[in-house]
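Next comes entry.cif, a file with mmCIF, C-alpha atoms and all ligand atoms.
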```cif
data_structure
loop_
_atom_site.group_PDB
_atom_site.id
_atom_site.type_symbol
_atom_site.label_atom_id
_atom_site.label_comp_id
_atom_site.auth_asym_id
_atom_site.auth_seq_id
_atom_site.Cartn_x
_atom_site.Cartn_y
_atom_site.Cartn_z
ATOM 1 C CA MET A 1 -1.292 -25.166 -3.353
ATOM 2 C CA ASP A 2 -0.089 -21.956 -1.690
ATOM 3 C CA ALA A 3 3.518 -22.918 -2.399
ATOM 4 C CA HIS A 4 2.603 -23.389 -6.042
ATOM 5 C CA ILE A 5 0.900 -19.973 -6.185
ATOM 6 C CA THR A 6 3.831 -18.298 -4.414
ATOM 7 C CA GLU A 7 6.176 -19.885 -6.931
ATOM 8 C CA LYS A 8 4.036 -18.718 -9.875
ATOM 9 C CA ILE A 9 3.822 -15.134 -8.569
ATOM 10 C CA MET A 10 7.587 -15.074 -8.001
ATOM 11 C CA GLN A 11 8.216 -16.320 -11.532
ATOM 12 C CA GLU A 12 5.967 -13.637 -12.925
ATOM 13 C CA MET A 13 7.653 -10.963 -10.819
ATOM 14 C CA GLY A 14 10.996 -12.201 -12.146
ATOM 15 C CA ASN A 15 9.814 -11.558 -15.713
ATOM 16 C CA CYS A 16 8.395 -8.139 -14.854
ATOM 17 C CA ASP A 17 9.143 -5.382 -17.385
ATOM 18 C CA THR A 18 10.259 -2.338 -15.384
ATOM 19 C CA THR A 19 9.659 0.171 -18.167
ATOM 20 C CA ILE A 20 7.300 2.959 -17.113
ATOM 21 C CA ILE A 21 4.432 3.643 -19.477
ATOM 22 C CA GLU A 22 1.282 5.747 -19.070
ATOM 23 C CA VAL A 23 -2.036 4.022 -18.431
ATOM 24 C CA GLU A 24 -4.848 6.557 -18.831
ATOM 25 C CA GLY A 25 -2.297 9.304 -18.132
ATOM 26 C CA VAL A 26 -0.851 7.663 -15.004
ATOM 27 C CA PRO A 27 2.707 6.268 -15.070
ATOM 28 C CA MET A 28 2.647 2.509 -14.480
ATOM 29 C CA LEU A 29 4.927 -0.458 -14.952
ATOM 30 C CA GLN A 30 4.792 -1.953 -18.430
ATOM 31 C CA SER A 31 3.744 -5.277 -16.871
ATOM 32 C CA ILE A 32 0.581 -3.581 -15.538
ATOM 33 C CA SER A 33 -0.121 -1.814 -18.815
ATOM 34 C CA ASP A 34 0.163 -5.172 -20.631
ATOM 35 C CA VAL A 35 -2.803 -6.633 -18.725
ATOM 36 C CA TRP A 36 -4.662 -3.379 -18.114
ATOM 37 C CA ASP A 37 -7.915 -4.468 -19.780
ATOM 38 C CA THR A 38 -8.076 -7.568 -17.583
ATOM 39 C CA ILE A 39 -7.402 -5.475 -14.471
ATOM 40 C CA TYR A 40 -9.968 -2.810 -15.345
ATOM 41 C CA ASN A 41 -12.601 -5.435 -16.086
ATOM 42 C CA PHE A 42 -11.994 -7.269 -12.806
ATOM 43 C CA GLN A 43 -15.292 -8.422 -11.361
ATOM 44 C CA ALA A 44 -15.792 -7.399 -7.756
ATOM 45 C CA ARG A 45 -18.182 -9.423 -5.619
ATOM 46 C CA ASP A 46 -20.582 -8.508 -2.845
ATOM 47 C CA GLY A 47 -18.654 -8.541 0.410
ATOM 48 C CA ASP A 48 -15.215 -7.852 -1.081
ATOM 49 C CA ILE A 49 -12.982 -5.643 1.035
ATOM 50 C CA VAL A 50 -10.138 -3.614 -0.441
ATOM 51 C CA VAL A 51 -7.021 -2.067 1.059
ATOM 52 C CA ALA A 52 -6.053 0.833 -1.188
ATOM 53 C CA SER A 53 -3.061 3.131 -0.891
ATOM 54 C CA TYR A 54 -0.300 4.987 -2.626
ATOM 55 C CA PRO A 55 2.792 2.717 -2.487
ATOM 56 C CA LYS A 56 4.743 2.618 0.791
ATOM 57 C CA SER A 57 1.966 4.078 2.915
ATOM 58 C CA GLY A 58 1.483 1.161 5.305
ATOM 59 C CA THR A 59 -0.478 -1.125 2.959
ATOM 60 C CA THR A 60 0.986 -4.384 4.264
ATOM 61 C CA TRP A 61 0.384 -3.301 7.849
ATOM 62 C CA THR A 62 -3.227 -2.401 7.107
ATOM 63 C CA GLN A 63 -3.740 -5.642 5.159
ATOM 64 C CA GLU A 64 -2.497 -7.640 8.105
ATOM 65 C CA ILE A 65 -4.803 -5.806 10.506
ATOM 66 C CA LEU A 66 -7.800 -6.394 8.240
ATOM 67 C CA ASP A 67 -6.977 -10.042 7.616
ATOM 68 C CA MET A 68 -6.617 -10.657 11.350
ATOM 69 C CA ILE A 69 -9.913 -8.898 12.084
ATOM 70 C CA LEU A 70 -11.647 -11.027 9.447
ATOM 71 C CA GLN A 71 -10.022 -14.140 10.993
ATOM 72 C CA ASP A 72 -11.340 -13.095 14.449
ATOM 73 C CA GLY A 73 -7.811 -12.438 15.707
ATOM 74 C CA SER A 74 -6.413 -15.875 14.876
ATOM 75 C CA ILE A 75 -2.636 -15.712 14.519
ATOM 76 C CA GLU A 76 -2.593 -19.232 13.139
ATOM 77 C CA LYS A 77 -4.932 -18.301 10.282
ATOM 78 C CA SER A 78 -3.041 -15.104 9.534
ATOM 79 C CA MET A 79 0.070 -17.270 9.033
ATOM 80 C CA ARG A 80 -1.641 -19.526 6.472
ATOM 81 C CA ALA A 81 0.219 -18.042 3.479
ATOM 82 C CA PRO A 82 2.406 -15.086 2.487
ATOM 83 C CA CYS A 83 0.511 -11.780 2.497
ATOM 84 C CA PHE A 84 0.597 -11.486 -1.307
ATOM 85 C CA VAL A 85 -1.212 -14.854 -1.602
ATOM 86 C CA ARG A 86 -3.768 -14.143 1.149
ATOM 87 C CA VAL A 87 -4.457 -10.659 -0.197
ATOM 88 C CA PRO A 88 -4.158 -10.607 -3.985
ATOM 89 C CA PHE A 89 -2.614 -7.453 -5.413
ATOM 90 C CA LEU A 90 -5.021 -6.436 -8.179
ATOM 91 C CA GLU A 91 -2.603 -4.872 -10.592
ATOM 92 C CA MET A 92 0.602 -6.733 -9.951
ATOM 93 C CA ALA A 93 1.030 -10.282 -11.132
ATOM 94 C CA TYR A 94 -1.501 -11.786 -13.509
ATOM 95 C CA THR A 95 -1.509 -14.792 -11.180
ATOM 96 C CA SER A 96 -2.872 -12.553 -8.415
ATOM 97 C CA LEU A 97 -5.992 -11.993 -10.506
ATOM 98 C CA GLU A 98 -6.373 -15.744 -10.988
ATOM 99 C CA VAL A 99 -5.969 -16.256 -7.254
ATOM 100 C CA ALA A 100 -8.558 -13.557 -6.560
ATOM 101 C CA ASN A 101 -11.016 -15.080 -9.012
ATOM 102 C CA SER A 102 -10.774 -18.501 -7.412
ATOM 103 C CA MET A 103 -10.882 -17.277 -3.792
ATOM 104 C CA PRO A 104 -13.940 -17.819 -1.625
ATOM 105 C CA SER A 105 -15.731 -14.702 -0.339
ATOM 106 C CA PRO A 106 -15.238 -12.535 1.584
ATOM 107 C CA ARG A 107 -12.104 -11.602 -0.294
ATOM 108 C CA LEU A 108 -9.516 -9.119 0.884
ATOM 109 C CA LEU A 109 -7.758 -7.384 -2.019
ATOM 110 C CA LYS A 110 -4.927 -4.872 -2.346
ATOM 111 C CA THR A 111 -4.503 -2.063 -4.845
ATOM 112 C CA HIS A 112 -2.380 1.016 -5.413
ATOM 113 C CA LEU A 113 -4.641 2.327 -8.157
ATOM 114 C CA PRO A 114 -5.678 5.971 -8.101
ATOM 115 C CA VAL A 115 -9.393 6.182 -7.424
ATOM 116 C CA HIS A 116 -10.351 7.095 -10.992
ATOM 117 C CA LEU A 117 -8.705 3.952 -12.351
ATOM 118 C CA MET A 118 -10.490 1.529 -10.028
ATOM 119 C CA PRO A 119 -12.349 -1.206 -11.911
ATOM 120 C CA PRO A 120 -15.969 0.055 -12.058
ATOM 121 C CA SER A 121 -17.340 -3.211 -10.651
ATOM 122 C CA PHE A 122 -16.048 -2.160 -7.201
ATOM 123 C CA TRP A 123 -18.429 0.803 -7.270
ATOM 124 C CA GLU A 124 -21.284 -1.275 -8.674
ATOM 125 C CA LYS A 125 -20.891 -3.708 -5.752
ATOM 126 C CA ASN A 126 -20.438 -0.871 -3.274
ATOM 127 C CA VAL A 127 -17.483 -2.630 -1.626
ATOM 128 C CA LYS A 128 -15.823 -1.415 1.547
ATOM 129 C CA ILE A 129 -12.418 0.140 1.021
ATOM 130 C CA VAL A 130 -9.868 1.036 3.662
ATOM 131 C CA TYR A 131 -7.564 3.693 2.203
ATOM 132 C CA VAL A 132 -4.316 4.228 4.077
ATOM 133 C CA ALA A 133 -2.330 7.410 3.497
ATOM 134 C CA ARG A 134 1.123 8.416 4.746
ATOM 135 C CA ASN A 135 2.859 11.750 4.785
ATOM 136 C CA PRO A 136 4.626 12.267 1.453
ATOM 137 C CA LYS A 137 8.091 12.891 2.850
ATOM 138 C CA ASP A 138 8.345 9.504 4.592
ATOM 139 C CA CYS A 139 6.515 7.925 1.695
ATOM 140 C CA MET A 140 9.110 9.245 -0.713
ATOM 141 C CA VAL A 141 12.040 7.960 1.352
ATOM 142 C CA SER A 142 10.439 4.546 1.735
ATOM 143 C CA TYR A 143 9.655 4.420 -2.009
ATOM 144 C CA TYR A 144 13.249 5.343 -2.849
ATOM 145 C CA TYR A 145 14.652 2.413 -0.848
ATOM 146 C CA PHE A 146 11.972 0.159 -2.281
ATOM 147 C CA HIS A 147 13.011 1.087 -5.833
ATOM 148 C CA LYS A 148 16.572 0.221 -4.906
ATOM 149 C CA MET A 149 15.841 -3.183 -3.414
ATOM 150 C CA ASP A 150 12.873 -4.374 -5.528
ATOM 151 C CA ASN A 151 14.135 -5.607 -8.857
ATOM 152 C CA THR A 152 10.645 -5.347 -10.354
ATOM 153 C CA MET A 153 10.878 -1.547 -10.057
ATOM 154 C CA PRO A 154 13.010 0.729 -12.241
ATOM 155 C CA ASP A 155 16.363 1.986 -10.963
ATOM 156 C CA PRO A 156 15.628 5.218 -9.002
ATOM 157 C CA GLY A 157 19.037 6.753 -9.738
ATOM 158 C CA THR A 158 20.374 9.089 -7.076
ATOM 159 C CA TRP A 159 18.259 10.373 -4.181
ATOM 160 C CA GLU A 160 18.299 13.791 -5.865
ATOM 161 C CA ASN A 161 16.976 12.264 -9.060
ATOM 162 C CA PHE A 162 14.250 10.317 -7.273
ATOM 163 C CA PHE A 163 13.247 13.389 -5.273
ATOM 164 C CA SER A 164 12.473 15.257 -8.521
ATOM 165 C CA MET A 165 10.676 12.279 -10.032
ATOM 166 C CA PHE A 166 8.459 11.814 -6.970
ATOM 167 C CA LEU A 167 7.677 15.509 -6.710
ATOM 168 C CA SER A 168 6.616 15.686 -10.354
ATOM 169 C CA GLY A 169 4.570 12.489 -10.063
ATOM 170 C CA ASN A 170 6.766 10.726 -12.566
ATOM 171 C CA VAL A 171 6.916 7.415 -10.673
ATOM 172 C CA SER A 172 4.870 4.217 -10.796
ATOM 173 C CA TRP A 173 1.270 4.837 -9.768
ATOM 174 C CA GLY A 174 1.771 8.519 -10.451
ATOM 175 C CA SER A 175 1.483 11.575 -8.270
ATOM 176 C CA TRP A 176 1.177 11.102 -4.509
ATOM 177 C CA PHE A 177 -0.814 14.377 -4.390
ATOM 178 C CA ASP A 178 -3.392 13.286 -6.965
ATOM 179 C CA HIS A 179 -3.689 9.896 -5.290
ATOM 180 C CA VAL A 180 -4.400 11.021 -1.726
ATOM 181 C CA ILE A 181 -6.686 13.875 -2.821
ATOM 182 C CA GLY A 182 -8.597 11.717 -5.305
ATOM 183 C CA TRP A 183 -9.385 9.094 -2.661
ATOM 184 C CA TRP A 184 -10.144 11.765 -0.041
ATOM 185 C CA LYS A 185 -12.741 13.384 -2.293
ATOM 186 C CA SER A 186 -14.397 10.061 -3.052
ATOM 187 C CA GLN A 187 -15.359 9.416 0.554
ATOM 188 C CA ASP A 188 -18.816 10.924 0.193
ATOM 189 C CA LYS A 189 -19.613 8.749 -2.841
ATOM 190 C CA HIS A 190 -18.368 5.348 -1.682
ATOM 191 C CA GLN A 191 -17.799 3.235 1.427
ATOM 192 C CA ILE A 192 -14.261 4.398 2.153
ATOM 193 C CA LEU A 193 -12.528 4.521 5.512
ATOM 194 C CA TYR A 194 -9.583 6.918 5.294
ATOM 195 C CA VAL A 195 -6.781 5.967 7.669
ATOM 196 C CA PHE A 196 -3.485 7.749 8.304
ATOM 197 C CA TYR A 197 -0.209 5.904 8.882
ATOM 198 C CA GLU A 198 0.798 8.512 11.457
ATOM 199 C CA ASP A 199 -2.434 7.893 13.424
ATOM 200 C CA MET A 200 -1.710 4.161 13.379
ATOM 201 C CA ILE A 201 1.767 4.761 14.780
ATOM 202 C CA GLU A 202 0.405 7.164 17.388
ATOM 203 C CA ASP A 203 -2.415 4.951 18.630
ATOM 204 C CA PRO A 204 -2.661 1.546 16.941
ATOM 205 C CA GLN A 205 -5.391 0.352 19.308
ATOM 206 C CA ARG A 206 -7.674 3.260 18.407
ATOM 207 C CA GLU A 207 -7.110 2.789 14.667
ATOM 208 C CA ILE A 208 -7.605 -0.993 14.801
ATOM 209 C CA GLN A 209 -10.913 -0.333 16.585
ATOM 210 C CA ARG A 210 -11.960 2.134 13.871
ATOM 211 C CA VAL A 211 -11.233 -0.431 11.168
ATOM 212 C CA MET A 212 -13.066 -3.145 13.104
ATOM 213 C CA THR A 213 -16.158 -0.952 13.465
ATOM 214 C CA PHE A 214 -16.047 -0.079 9.753
ATOM 215 C CA LEU A 215 -15.976 -3.797 8.908
ATOM 216 C CA GLY A 216 -18.959 -4.364 11.175
ATOM 217 C CA LYS A 217 -17.058 -6.726 13.482
ATOM 218 C CA ASP A 218 -17.082 -6.793 17.250
ATOM 219 C CA LEU A 219 -14.055 -8.645 18.592
ATOM 220 C CA SER A 220 -13.127 -9.202 22.215
ATOM 221 C CA GLU A 221 -10.563 -7.057 23.991
ATOM 222 C CA GLU A 222 -8.275 -10.095 24.046
ATOM 223 C CA ALA A 223 -8.520 -10.556 20.254
ATOM 224 C CA LEU A 224 -7.797 -6.857 19.706
ATOM 225 C CA GLN A 225 -4.717 -7.057 21.922
ATOM 226 C CA LYS A 226 -3.494 -10.033 19.918
ATOM 227 C CA ILE A 227 -4.001 -8.140 16.653
ATOM 228 C CA GLN A 228 -2.161 -5.123 17.965
ATOM 229 C CA HIS A 229 0.780 -7.217 19.094
ATOM 230 C CA HIS A 230 0.953 -9.380 15.968
ATOM 231 C CA THR A 231 0.809 -6.336 13.655
ATOM 232 C CA SER A 232 3.384 -4.258 15.520
ATOM 233 C CA PHE A 233 6.462 -3.339 13.506
ATOM 234 C CA SER A 234 8.720 -5.552 15.628
ATOM 235 C CA SER A 235 6.454 -8.582 15.102
ATOM 236 C CA MET A 236 5.935 -7.981 11.388
ATOM 237 C CA LYS A 237 9.636 -7.434 10.777
ATOM 238 C CA VAL A 238 10.410 -11.016 11.784
ATOM 239 C CA ASN A 239 7.275 -12.626 10.341
ATOM 240 C CA PRO A 240 8.143 -14.295 7.008
ATOM 241 C CA MET A 241 4.460 -14.272 6.025
ATOM 242 C CA VAL A 242 4.474 -10.469 5.870
ATOM 243 C CA ASN A 243 8.101 -9.322 5.575
ATOM 244 C CA TYR A 244 8.488 -10.683 2.025
ATOM 245 C CA GLY A 245 11.350 -12.847 3.307
ATOM 246 C CA VAL A 246 9.998 -15.696 1.177
ATOM 247 C CA LEU A 247 11.072 -13.844 -1.973
ATOM 248 C CA PRO A 248 14.561 -14.600 -3.314
ATOM 249 C CA THR A 249 17.182 -11.848 -3.191
ATOM 250 C CA SER A 250 17.069 -11.766 -7.003
ATOM 251 C CA LEU A 251 13.627 -10.121 -6.555
ATOM 252 C CA PHE A 252 13.929 -8.247 -3.248
ATOM 253 C CA ASP A 253 17.573 -7.569 -2.488
ATOM 254 C CA THR A 254 17.560 -7.394 1.299
ATOM 255 C CA SER A 255 21.286 -6.617 1.365
ATOM 256 C CA ILE A 256 20.265 -3.148 0.092
ATOM 257 C CA SER A 257 17.164 -2.669 2.249
ATOM 258 C CA THR A 258 14.596 -4.821 3.990
ATOM 259 C CA PHE A 259 10.872 -4.471 3.231
ATOM 260 C CA MET A 260 10.207 -3.715 6.908
ATOM 261 C CA ARG A 261 12.842 -1.003 6.883
ATOM 262 C CA LYS A 262 12.228 1.518 9.702
ATOM 263 C CA GLY A 263 8.502 1.822 10.250
ATOM 264 C CA THR A 264 8.662 5.307 11.747
ATOM 265 C CA VAL A 265 7.408 8.858 11.245
ATOM 266 C CA GLY A 266 10.125 11.408 10.450
ATOM 267 C CA ASP A 267 12.856 9.368 8.770
ATOM 268 C CA TRP A 268 12.678 11.935 5.949
ATOM 269 C CA LYS A 269 14.754 14.262 8.160
ATOM 270 C CA ASN A 270 17.703 11.924 7.615
ATOM 271 C CA HIS A 271 17.391 12.302 3.835
ATOM 272 C CA PHE A 272 15.933 15.677 2.832
ATOM 273 C CA LEU A 273 18.429 18.476 2.245
ATOM 274 C CA VAL A 274 17.296 21.851 3.634
ATOM 275 C CA SER A 275 16.832 23.112 0.063
ATOM 276 C CA GLN A 276 14.768 20.042 -0.872
ATOM 277 C CA ASN A 277 12.570 20.537 2.153
ATOM 278 C CA ILE A 278 11.850 24.153 1.172
ATOM 279 C CA LEU A 279 11.042 23.129 -2.395
ATOM 280 C CA PHE A 280 8.851 20.280 -1.180
ATOM 281 C CA ASP A 281 6.907 22.455 1.259
ATOM 282 C CA GLU A 282 6.205 25.011 -1.463
ATOM 283 C CA GLU A 283 4.887 22.334 -3.815
ATOM 284 C CA TYR A 284 2.887 20.691 -1.006
ATOM 285 C CA LYS A 285 1.191 23.982 -0.222
ATOM 286 C CA LYS A 286 0.288 24.600 -3.857
ATOM 287 C CA LYS A 287 -1.119 21.126 -4.378
ATOM 288 C CA MET A 288 -2.831 20.550 -1.025
ATOM 289 C CA ASP A 289 -4.356 23.962 -0.314
ATOM 290 C CA GLY A 290 -8.130 23.735 -0.314
ATOM 291 C CA SER A 291 -8.128 19.922 -0.330
ATOM 292 C CA GLY A 292 -9.223 19.704 3.311
ATOM 293 C CA LEU A 293 -6.478 17.128 3.847
ATOM 294 C CA SER A 294 -3.438 17.535 6.063
ATOM 295 C CA PHE A 295 -0.561 15.288 7.022
ATOM 296 C CA ARG A 296 1.740 15.113 9.999
ATOM 297 C CA THR A 297 5.418 14.732 9.139
ATOM 298 C CA GLU A 298 6.438 14.289 12.772
ATOM 299 C CA LEU A 299 4.718 13.176 15.938
HETATM 300 S S1 LIG F 301 3.967 -1.515 -0.502
HETATM 301 O O1 LIG F 301 5.142 -2.145 -1.146
HETATM 302 O O2 LIG F 301 3.539 -0.313 -1.212
HETATM 303 O O3 LIG F 301 2.858 -2.444 -0.293
HETATM 304 O O4 LIG F 301 4.534 -1.032 0.911
HETATM 305 P P1 LIG F 301 3.659 -0.652 2.185
HETATM 306 O O5 LIG F 301 3.327 -1.870 2.915
HETATM 307 O O6 LIG F 301 2.565 0.263 1.781
HETATM 308 O O7 LIG F 301 4.660 0.241 3.014
HETATM 309 C C1 LIG F 301 5.874 -0.248 3.549
HETATM 310 C C2 LIG F 301 6.262 0.709 4.669
HETATM 311 O O8 LIG F 301 5.393 0.458 5.800
HETATM 312 C C3 LIG F 301 6.208 0.136 6.923
HETATM 313 N N1 LIG F 301 5.506 -0.813 7.808
HETATM 314 C C4 LIG F 301 5.183 -0.554 9.075
HETATM 315 N N2 LIG F 301 5.358 0.544 9.834
HETATM 316 C C5 LIG F 301 4.927 0.486 11.116
HETATM 317 N N3 LIG F 301 4.350 -0.603 11.669
HETATM 318 C C6 LIG F 301 4.161 -1.720 10.949
HETATM 319 N N4 LIG F 301 3.592 -2.788 11.506
HETATM 320 C C7 LIG F 301 4.572 -1.727 9.585
HETATM 321 N N5 LIG F 301 4.556 -2.647 8.592
HETATM 322 C C8 LIG F 301 5.121 -2.068 7.517
HETATM 323 C C9 LIG F 301 7.464 -0.461 6.294
HETATM 324 O O9 LIG F 301 8.512 -0.522 7.208
HETATM 325 C C10 LIG F 301 7.681 0.511 5.145
HETATM 326 O O10 LIG F 301 8.101 1.798 5.585
HETATM 327 P P2 LIG F 301 9.632 2.251 5.766
HETATM 328 O O11 LIG F 301 9.584 3.721 6.073
HETATM 329 O O12 LIG F 301 10.327 1.962 4.467
HETATM 330 O O13 LIG F 301 10.169 1.460 6.906
#
```

Structure re-expressed in structure tokens:
Amino acid sequence: MDAHITEKIMQEMGNCDTTIIEVEGVPMLQSISDVWDTIYNFQARDGDIVVASYPKSGTTWTQEILDMILQDGSIEKSMRAPCFVRVPFLEMAYTSLEVANSMPSPRLLKTHLPVHLMPPSFWEKNVKIVYVARNPKDCMVSYYYFHKMDNTMPDPGTWENFFSMFLSGNVSWGSWFDHVIGWWKSQDKHQILYVFYEDMIEDPQREIQRVMTFLGKDLSEEALQKIQHHTSFSSMKVNPMVNYGVLPTSLFDTSISTFMRKGTVGDWKNHFLVSQNILFDEEYKKKMDGSGLSFRTEL
């Protein structure tokens, strides 16, 4: 069954139209725009749990932590299927929606949608959402490599070109600034746990505990240790159930970059020119001032 679903999702990804088109003013892949009504009318259920993020912010890592917590720390259960089958991606393949609809509760779901485009049923059901955010400089670098290796994304052009596109918000799922601020401001209205990638790198045990408490679970010290080990970068890099190694190179070209690429804070320093860094910092200040949100670009 899972093999069949994996196959179907891969086929759909293979047919993905990489044109960027606006959905409610936010740039999205044409393939998402094509099924937008179905996505927006998705019916959440009581007990659903969502991992939300801007792309390349540590979504897969957070998903794996949540899935393991919900499976009481069982490594065996966390290996039951590839992450994109266990945790349907709301707005990616149409098959993911079918999988989500036929899944027993409690369901774990993934989305990159900005908060204002979330299907309203999630608010009606008051679902718990873990939002993971990552500093924009590392996010941008990771997104650039992802565009290069993922054939369902448009060609990013040169680094210089992608830098401008990211800064102006002209990339799939739109502006990083709008995304992180929108979700940040929604915390007082909904059940949202805001998690930072840099905090997870700094102290994974502490952050796993925070997530566990938010989910209302109380696992043993031994189970928490297992989760921490199994979701470390070195473990996830070699785990085919999370490293997207099950996808053919025609979809994810791992000769260009692997999905689990570096997993660090500060790789942006190897890519940003001094002039780009100045420009970025100016824009960051303009957009983030007064938001109450701040990011660490090094530890
Ligand atoms: S996606 O495609 O948007 O769902 O990608 P996402 O999972 O959000 O982000 C991928 C980046 O997260 C890094 N990653 C990790 N870092 C540290 N520890 C763990 N366990 C981990 N798992 C994934 C992954 O390497 C990507 O970042 P970069 O900087 O490209 O390495």

What separates CA of Lys148 in chain A and CA of Asp253 in chain A is a distance of 8.2 Å

Every residue with an atom at most 6 Å from (-11.4, 5.0, 3.5) (file coordinates; all atoms listed in the file) is what I'm after, so could you write them as a PDB file with C-alpha atoms, in the frame of the given file?
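Output (point.pdb):
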```
ATOM      1  CA  ILE A 129     -12.418   0.140   1.021  1.00  0.00           C
ATOM      2  CA  VAL A 130      -9.868   1.036   3.662  1.00  0.00           C
ATOM      3  CA  TYR A 131      -7.564   3.693   2.203  1.00  0.00           C
ATOM      4  CA  ILE A 192     -14.261   4.398   2.153  1.00  0.00           C
ATOM      5  CA  LEU A 193     -12.528   4.521   5.512  1.00  0.00           C
ATOM      6  CA  TYR A 194      -9.583   6.918   5.294  1.00  0.00           C
TER       7      TYR A 194
END
```

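Of the residues listed (A:Gln30, A:Gln187, A:Ser78, A:Ser172), A:Ser172 shows the shortest atom-to-atom separation from Pro55 in chain A; distances use all atoms listed in the file.
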
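Our summary of the geometry notes that CA of Val132 in chain A is positioned 23.2 Å from CA of Gly245 in chain A.
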
Give, as lines of an AutoDock Vina configuration file, the centre coordinates and the x, y and z edge lengths in Å to one decimal for an axis-aligned box around all listed atoms of ligand LIG 301 (chain F), padded by 3 Å on each side.
```
center_x = 6.4
center_y = 0.5
center_z = 5.2
size_x = 13.8
size_y = 12.5
size_z = 18.9
```

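Take CA of Asn15 in chain A and CA of Pro88 in chain A: the distance between them is 18.3 Å.
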
Please, which residues in chain A fall within 7 Å of ligand LIG 301 (chain F) when counting all atoms listed in the file, and what is the closest atom pair and distance in Å to one decimal for each, ordered by chain then residue number, as JSON lines?
```
{"residue": "A:Ser53", "atom": "CA", "partner": "F:LIG301", "partner_atom": "O6", "distance": 6.9}
{"residue": "A:Tyr54", "atom": "CA", "partner": "F:LIG301", "partner_atom": "O2", "distance": 6.7}
{"residue": "A:Pro55", "atom": "CA", "partner": "F:LIG301", "partner_atom": "O2", "distance": 3.4}
{"residue": "A:Lys56", "atom": "CA", "partner": "F:LIG301", "partner_atom": "O7", "distance": 3.3}
{"residue": "A:Ser57", "atom": "CA", "partner": "F:LIG301", "partner_atom": "O6", "distance": 4.0}
{"residue": "A:Gly58", "atom": "CA", "partner": "F:LIG301", "partner_atom": "O6", "distance": 3.8}
{"residue": "A:Thr59", "atom": "CA", "partner": "F:LIG301", "partner_atom": "O6", "distance": 3.5}
{"residue": "A:Thr60", "atom": "CA", "partner": "F:LIG301", "partner_atom": "O5", "distance": 3.7}
{"residue": "A:Trp61", "atom": "CA", "partner": "F:LIG301", "partner_atom": "N5", "distance": 4.3}
{"residue": "A:Asp138", "atom": "CA", "partner": "F:LIG301", "partner_atom": "O11", "distance": 6.1}
{"residue": "A:Cys139", "atom": "CA", "partner": "F:LIG301", "partner_atom": "O11", "distance": 6.8}
{"residue": "A:Val141", "atom": "CA", "partner": "F:LIG301", "partner_atom": "O11", "distance": 6.8}
{"residue": "A:Ser142", "atom": "CA", "partner": "F:LIG301", "partner_atom": "O12", "distance": 3.8}
{"residue": "A:Tyr143", "atom": "CA", "partner": "F:LIG301", "partner_atom": "O12", "distance": 7.0}
{"residue": "A:Tyr145", "atom": "CA", "partner": "F:LIG301", "partner_atom": "O12", "distance": 6.9}
{"residue": "A:Ile201", "atom": "CA", "partner": "F:LIG301", "partner_atom": "C5", "distance": 6.5}
{"residue": "A:Thr231", "atom": "CA", "partner": "F:LIG301", "partner_atom": "N4", "distance": 5.0}
{"residue": "A:Ser232", "atom": "CA", "partner": "F:LIG301", "partner_atom": "N4", "distance": 4.3}
{"residue": "A:Phe233", "atom": "CA", "partner": "F:LIG301", "partner_atom": "N4", "distance": 3.5}
{"residue": "A:Met236", "atom": "CA", "partner": "F:LIG301", "partner_atom": "N4", "distance": 5.7}
{"residue": "A:Phe259", "atom": "CA", "partner": "F:LIG301", "partner_atom": "O9", "distance": 6.1}
{"residue": "A:Met260", "atom": "CA", "partner": "F:LIG301", "partner_atom": "O9", "distance": 3.6}
{"residue": "A:Arg261", "atom": "CA", "partner": "F:LIG301", "partner_atom": "O13", "distance": 3.6}
{"residue": "A:Lys262", "atom": "CA", "partner": "F:LIG301", "partner_atom": "O13", "distance": 3.5}
{"residue": "A:Gly263", "atom": "CA", "partner": "F:LIG301", "partner_atom": "N2", "distance": 3.4}
{"residue": "A:Thr264", "atom": "CA", "partner": "F:LIG301", "partner_atom": "O11", "distance": 6.0}
```

Would you mind exporting the chosen residues as a short mmCIF file (atom, residue, chain, number, x, y, z; two decimals), keeping the file's coordinate frame, restricted to C-alpha atoms?
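This went into part_8.cif:
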```cif
data_model
loop_
_atom_site.label_atom_id
_atom_site.label_comp_id
_atom_site.auth_asym_id
_atom_site.auth_seq_id
_atom_site.Cartn_x
_atom_site.Cartn_y
_atom_site.Cartn_z
CA SER A 53 -3.06 3.13 -0.89
CA TYR A 54 -0.30 4.99 -2.63
CA PRO A 55 2.79 2.72 -2.49
CA LYS A 56 4.74 2.62 0.79
CA SER A 57 1.97 4.08 2.92
CA GLY A 58 1.48 1.16 5.30
CA THR A 59 -0.48 -1.12 2.96
CA THR A 60 0.99 -4.38 4.26
CA TRP A 61 0.38 -3.30 7.85
CA ASP A 138 8.35 9.50 4.59
CA CYS A 139 6.52 7.92 1.70
CA VAL A 141 12.04 7.96 1.35
CA SER A 142 10.44 4.55 1.74
CA TYR A 143 9.65 4.42 -2.01
CA TYR A 145 14.65 2.41 -0.85
CA ILE A 201 1.77 4.76 14.78
CA THR A 231 0.81 -6.34 13.66
CA SER A 232 3.38 -4.26 15.52
CA PHE A 233 6.46 -3.34 13.51
CA MET A 236 5.94 -7.98 11.39
CA PHE A 259 10.87 -4.47 3.23
CA MET A 260 10.21 -3.72 6.91
CA ARG A 261 12.84 -1.00 6.88
CA LYS A 262 12.23 1.52 9.70
CA GLY A 263 8.50 1.82 10.25
CA THR A 264 8.66 5.31 11.75
#
```

Residue contacts of Phe84 in chain A (10 Å, only C-alpha atoms) excluding same-chain residues fewer than 3 positions away, as a PyMOL selection string:
chain A and resi 5-6+9+60+63+81+87-89+92-93+96+109-110+241-242+244
